[in-house]
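> Below: one structure in structure tokens.
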Amino acid sequence: MDKITISGLSFFAYHGCLPEETERGQTFLVDVSLALDLHAAGESDRLDDTVDYGAVTSLISTAVTEAPCRLIEGVAEKIAARLLAAFPLLDSVIVTVHKPGAPLPAVFSDASVTVERRRNG
């Protein structure tokens, strides 16, 4: 299966379980990998035969920055479900939500969740 990948999308949002997370907010990063057949797009060179990256990015932005979730698992699930609903050419999506400012009692560079969802299951 062919893939379109968009990495390092950055959004400021208010997800988290702790009051300070939902009051102050923080930066979240999102990576997506979209699986679909790109043969027709490669031959036709037409946007109608693929998935518009701009539309994908706008959908992700809305999903991340609207109503907060307590868990980044919820953010990832919301993004995956909306991508599959909005773009019928997609067979599956892999979504990673990074929370580099997670309140962990250790020095770390990143905390993230990855979900993979298929159109039929």
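How things are named: the first chain in the structure tokens is A, the next is B, and so on; residues count from 1 in each chain; ligands count from 1 in the order shown.
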Where in chain A does DSSP assign strand (DSSP E), given as a ChimeraX atom specification?
/A:2-13,26-36,92-98,112-118
> May I have a table of the residues of range 18-55 of chain A lying at most 12 Å from range 106-110 of chain A, giving each one's closest pair of atoms and their distance in Å to one decimal, counting only C-alpha atoms, ordered by chain and ascending residue number, as JSON lines?

```
{"residue": "A:Thr27", "atom": "CA", "partner": "A:Asp110", "partner_atom": "CA", "distance": 11.5}
{"residue": "A:Phe28", "atom": "CA", "partner": "A:Asp110", "partner_atom": "CA", "distance": 10.2}
{"residue": "A:Leu29", "atom": "CA", "partner": "A:Asp110", "partner_atom": "CA", "distance": 10.0}
```
> Applying 12 Å and only C-alpha atoms, which residues near range 99-102 of chain A remain after dropping the ones on its own chain fewer than 3 positions away? List them as an MDAnalysis selection string.
chainID A and resid 8 10:18 20:21 24:31 64 71:73 75:76 96 105:114
> If you take only C-alpha atoms and a cut-off of 12 Å, which residues of range 86-105 of chain A touch range 48-52 of chain A, and what are their nearest atom pairs and distances in Å to one decimal, in chain and number order, as CSV?

```
residue,atom,partner,partner_atom,distance
A:Ala86,CA,A:Val51,CA,9.9
A:Phe87,CA,A:Val51,CA,7.0
A:Pro88,CA,A:Val51,CA,9.1
A:Leu89,CA,A:Thr50,CA,7.3
A:Leu90,CA,A:Val51,CA,8.1
A:Asp91,CA,A:Val51,CA,11.7
```
> Write the selection just made, keeping N, CA and C atoms, as an mmCIF file, in the first residue's frame?

```cif
data_model
loop_
_atom_site.group_PDB
_atom_site.id
_atom_site.type_symbol
_atom_site.label_atom_id
_atom_site.label_comp_id
_atom_site.auth_asym_id
_atom_site.auth_seq_id
_atom_site.Cartn_x
_atom_site.Cartn_y
_atom_site.Cartn_z
ATOM 1 N N ALA A 86 -13.593 11.496 6.549
ATOM 2 C CA ALA A 86 -13.534 12.609 5.594
ATOM 3 C C ALA A 86 -12.938 12.248 4.241
ATOM 4 N N PHE A 87 -12.093 11.231 4.204
ATOM 5 C CA PHE A 87 -11.355 10.921 2.980
ATOM 6 C C PHE A 87 -11.584 9.461 2.576
ATOM 7 N N PRO A 88 -12.553 9.221 1.709
ATOM 8 C CA PRO A 88 -12.912 7.843 1.338
ATOM 9 C C PRO A 88 -11.800 7.061 0.639
ATOM 10 N N LEU A 89 -10.800 7.732 0.078
ATOM 11 C CA LEU A 89 -9.702 7.013 -0.572
ATOM 12 C C LEU A 89 -8.774 6.318 0.421
ATOM 13 N N LEU A 90 -8.829 6.713 1.692
ATOM 14 C CA LEU A 90 -7.919 6.132 2.691
ATOM 15 C C LEU A 90 -8.330 4.710 3.047
ATOM 16 N N ASP A 91 -7.345 3.819 3.065
ATOM 17 C CA ASP A 91 -7.560 2.457 3.553
ATOM 18 C C ASP A 91 -7.289 2.372 5.045
#
```
> When you draw a straight line from CA of Arg118 in chain A to CA of Val32 in chain A, how long is it in Å?
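So the two atoms, CA of Arg118 in chain A and CA of Val32 in chain A, lie 13.4 Å apart.
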> When DSSP works through the backbone of this structure, what residues of chain A end up as helix (DSSP H, G or I), shown as a ChimeraX atom specification?
/A:19-24,39-44,47-49,53-65,72-86
> Kindly give the distance, in Å, that separates CA of Ala63 in chain A and CA of Leu47 in chain A, rounded to a single decimal.
23.3 Å
> Tell me which of A:Val56, A:Leu104, A:Val97, A:Ala35 sits closest to Arg117 in chain A, counting only C-alpha atoms.
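Smallest separation from Arg117 in chain A among the options: A:Ala35.
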> So that I can check the surroundings of range 38-46 of chain A, please list as a compact mmCIF listing (two decimals) with all heavy atoms, in the first residue's frame every protein, DNA and RNA residue that reaches within 9 Å of it, counting only C-alpha atoms and ignoring chain neighbours fewer than 4 positions away.

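The resulting around15.txt:
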```txt
# COMPACT_ATOMS: atom_id res chain seq x y z
N MET A 1 0.84 -1.18 0.00
CA MET A 1 0.00 0.00 0.00
C MET A 1 0.88 1.24 0.00
O MET A 1 1.90 1.30 0.69
CB MET A 1 -0.90 -0.03 1.24
CG MET A 1 -1.91 1.07 1.33
SD MET A 1 -3.17 1.23 0.02
CE MET A 1 -3.79 -0.40 -0.15
N ASP A 2 0.48 2.23 -0.76
CA ASP A 2 1.21 3.50 -0.83
C ASP A 2 0.90 4.33 0.40
O ASP A 2 -0.11 4.10 1.08
CB ASP A 2 0.80 4.25 -2.09
CG ASP A 2 0.98 3.41 -3.34
OD1 ASP A 2 2.02 2.72 -3.45
OD2 ASP A 2 0.09 3.43 -4.21
N LYS A 3 1.75 5.31 0.69
CA LYS A 3 1.56 6.13 1.88
C LYS A 3 1.86 7.59 1.61
O LYS A 3 2.77 7.92 0.86
CB LYS A 3 2.46 5.65 3.01
CG LYS A 3 2.14 4.24 3.49
CD LYS A 3 2.75 3.99 4.84
CE LYS A 3 2.61 2.57 5.29
NZ LYS A 3 1.33 2.00 5.32
N ILE A 4 1.11 8.44 2.28
CA ILE A 4 1.40 9.86 2.39
C ILE A 4 1.72 10.10 3.86
O ILE A 4 0.96 9.66 4.74
CB ILE A 4 0.19 10.73 1.98
CG1 ILE A 4 -0.12 10.54 0.50
CG2 ILE A 4 0.44 12.20 2.32
CD1 ILE A 4 -1.43 11.19 0.06
N THR A 50 -6.06 11.90 -5.30
CA THR A 50 -5.31 11.65 -4.08
C THR A 50 -6.01 12.34 -2.92
O THR A 50 -7.16 12.73 -3.01
CB THR A 50 -3.84 12.10 -4.22
OG1 THR A 50 -3.09 11.66 -3.08
CG2 THR A 50 -3.71 13.59 -4.40
```
> Tell me, as a list in words, which residues lie within 9 Å of Ser92 in chain A, counting only C-alpha atoms; anything in the same chain fewer than 4 positions away does not count.
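Once the nearby chain positions are removed, what remains is Ser33, Leu34, Ala35, Leu36, Ala80, Leu84, Glu116, Arg117, Arg118, Arg119 and Asn120 of chain A.
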> Write the residues you've just listed into a file as a PDB file, in the first residue's frame, and include C-alpha atoms for each of them.

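Saved result, selection_16.pdb, follows:
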```pdb
ATOM      1  CA  SER A  33       0.711   8.242   7.781  1.00  0.00           C
ATOM      2  CA  LEU A  34      -2.122   7.769   5.311  1.00  0.00           C
ATOM      3  CA  ALA A  35      -2.364   4.488   3.402  1.00  0.00           C
ATOM      4  CA  LEU A  36      -4.076   4.572   0.030  1.00  0.00           C
ATOM      5  CA  ALA A  80      -7.952   8.865  13.072  1.00  0.00           C
ATOM      6  CA  LEU A  84     -11.201   7.982   7.720  1.00  0.00           C
ATOM      7  CA  GLU A 116      -3.513   2.614  13.683  1.00  0.00           C
ATOM      8  CA  ARG A 117      -7.042   2.433  12.340  1.00  0.00           C
ATOM      9  CA  ARG A 118      -8.354   0.714   9.216  1.00  0.00           C
ATOM     10  CA  ARG A 119     -11.461   1.597   7.293  1.00  0.00           C
ATOM     11  CA  ASN A 120     -13.079  -1.796   7.983  1.00  0.00           C
TER      12      ASN A 120
END
```
> When you count only C-alpha atoms, which of these residues is closest to Ile60 in chain A: A:Val93, A:Ile79, A:Val115, A:Ala85?
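The shortest atom-to-atom distance to Ile60 in chain A comes from A:Ile79.
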> From the options A:Thr5, A:Val95, A:Pro103, A:Leu59, which residue's atoms come nearest to Glu77 in chain A, counting only C-alpha atoms?
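Closest to Glu77 in chain A, using only C-alpha atoms: A:Val95.
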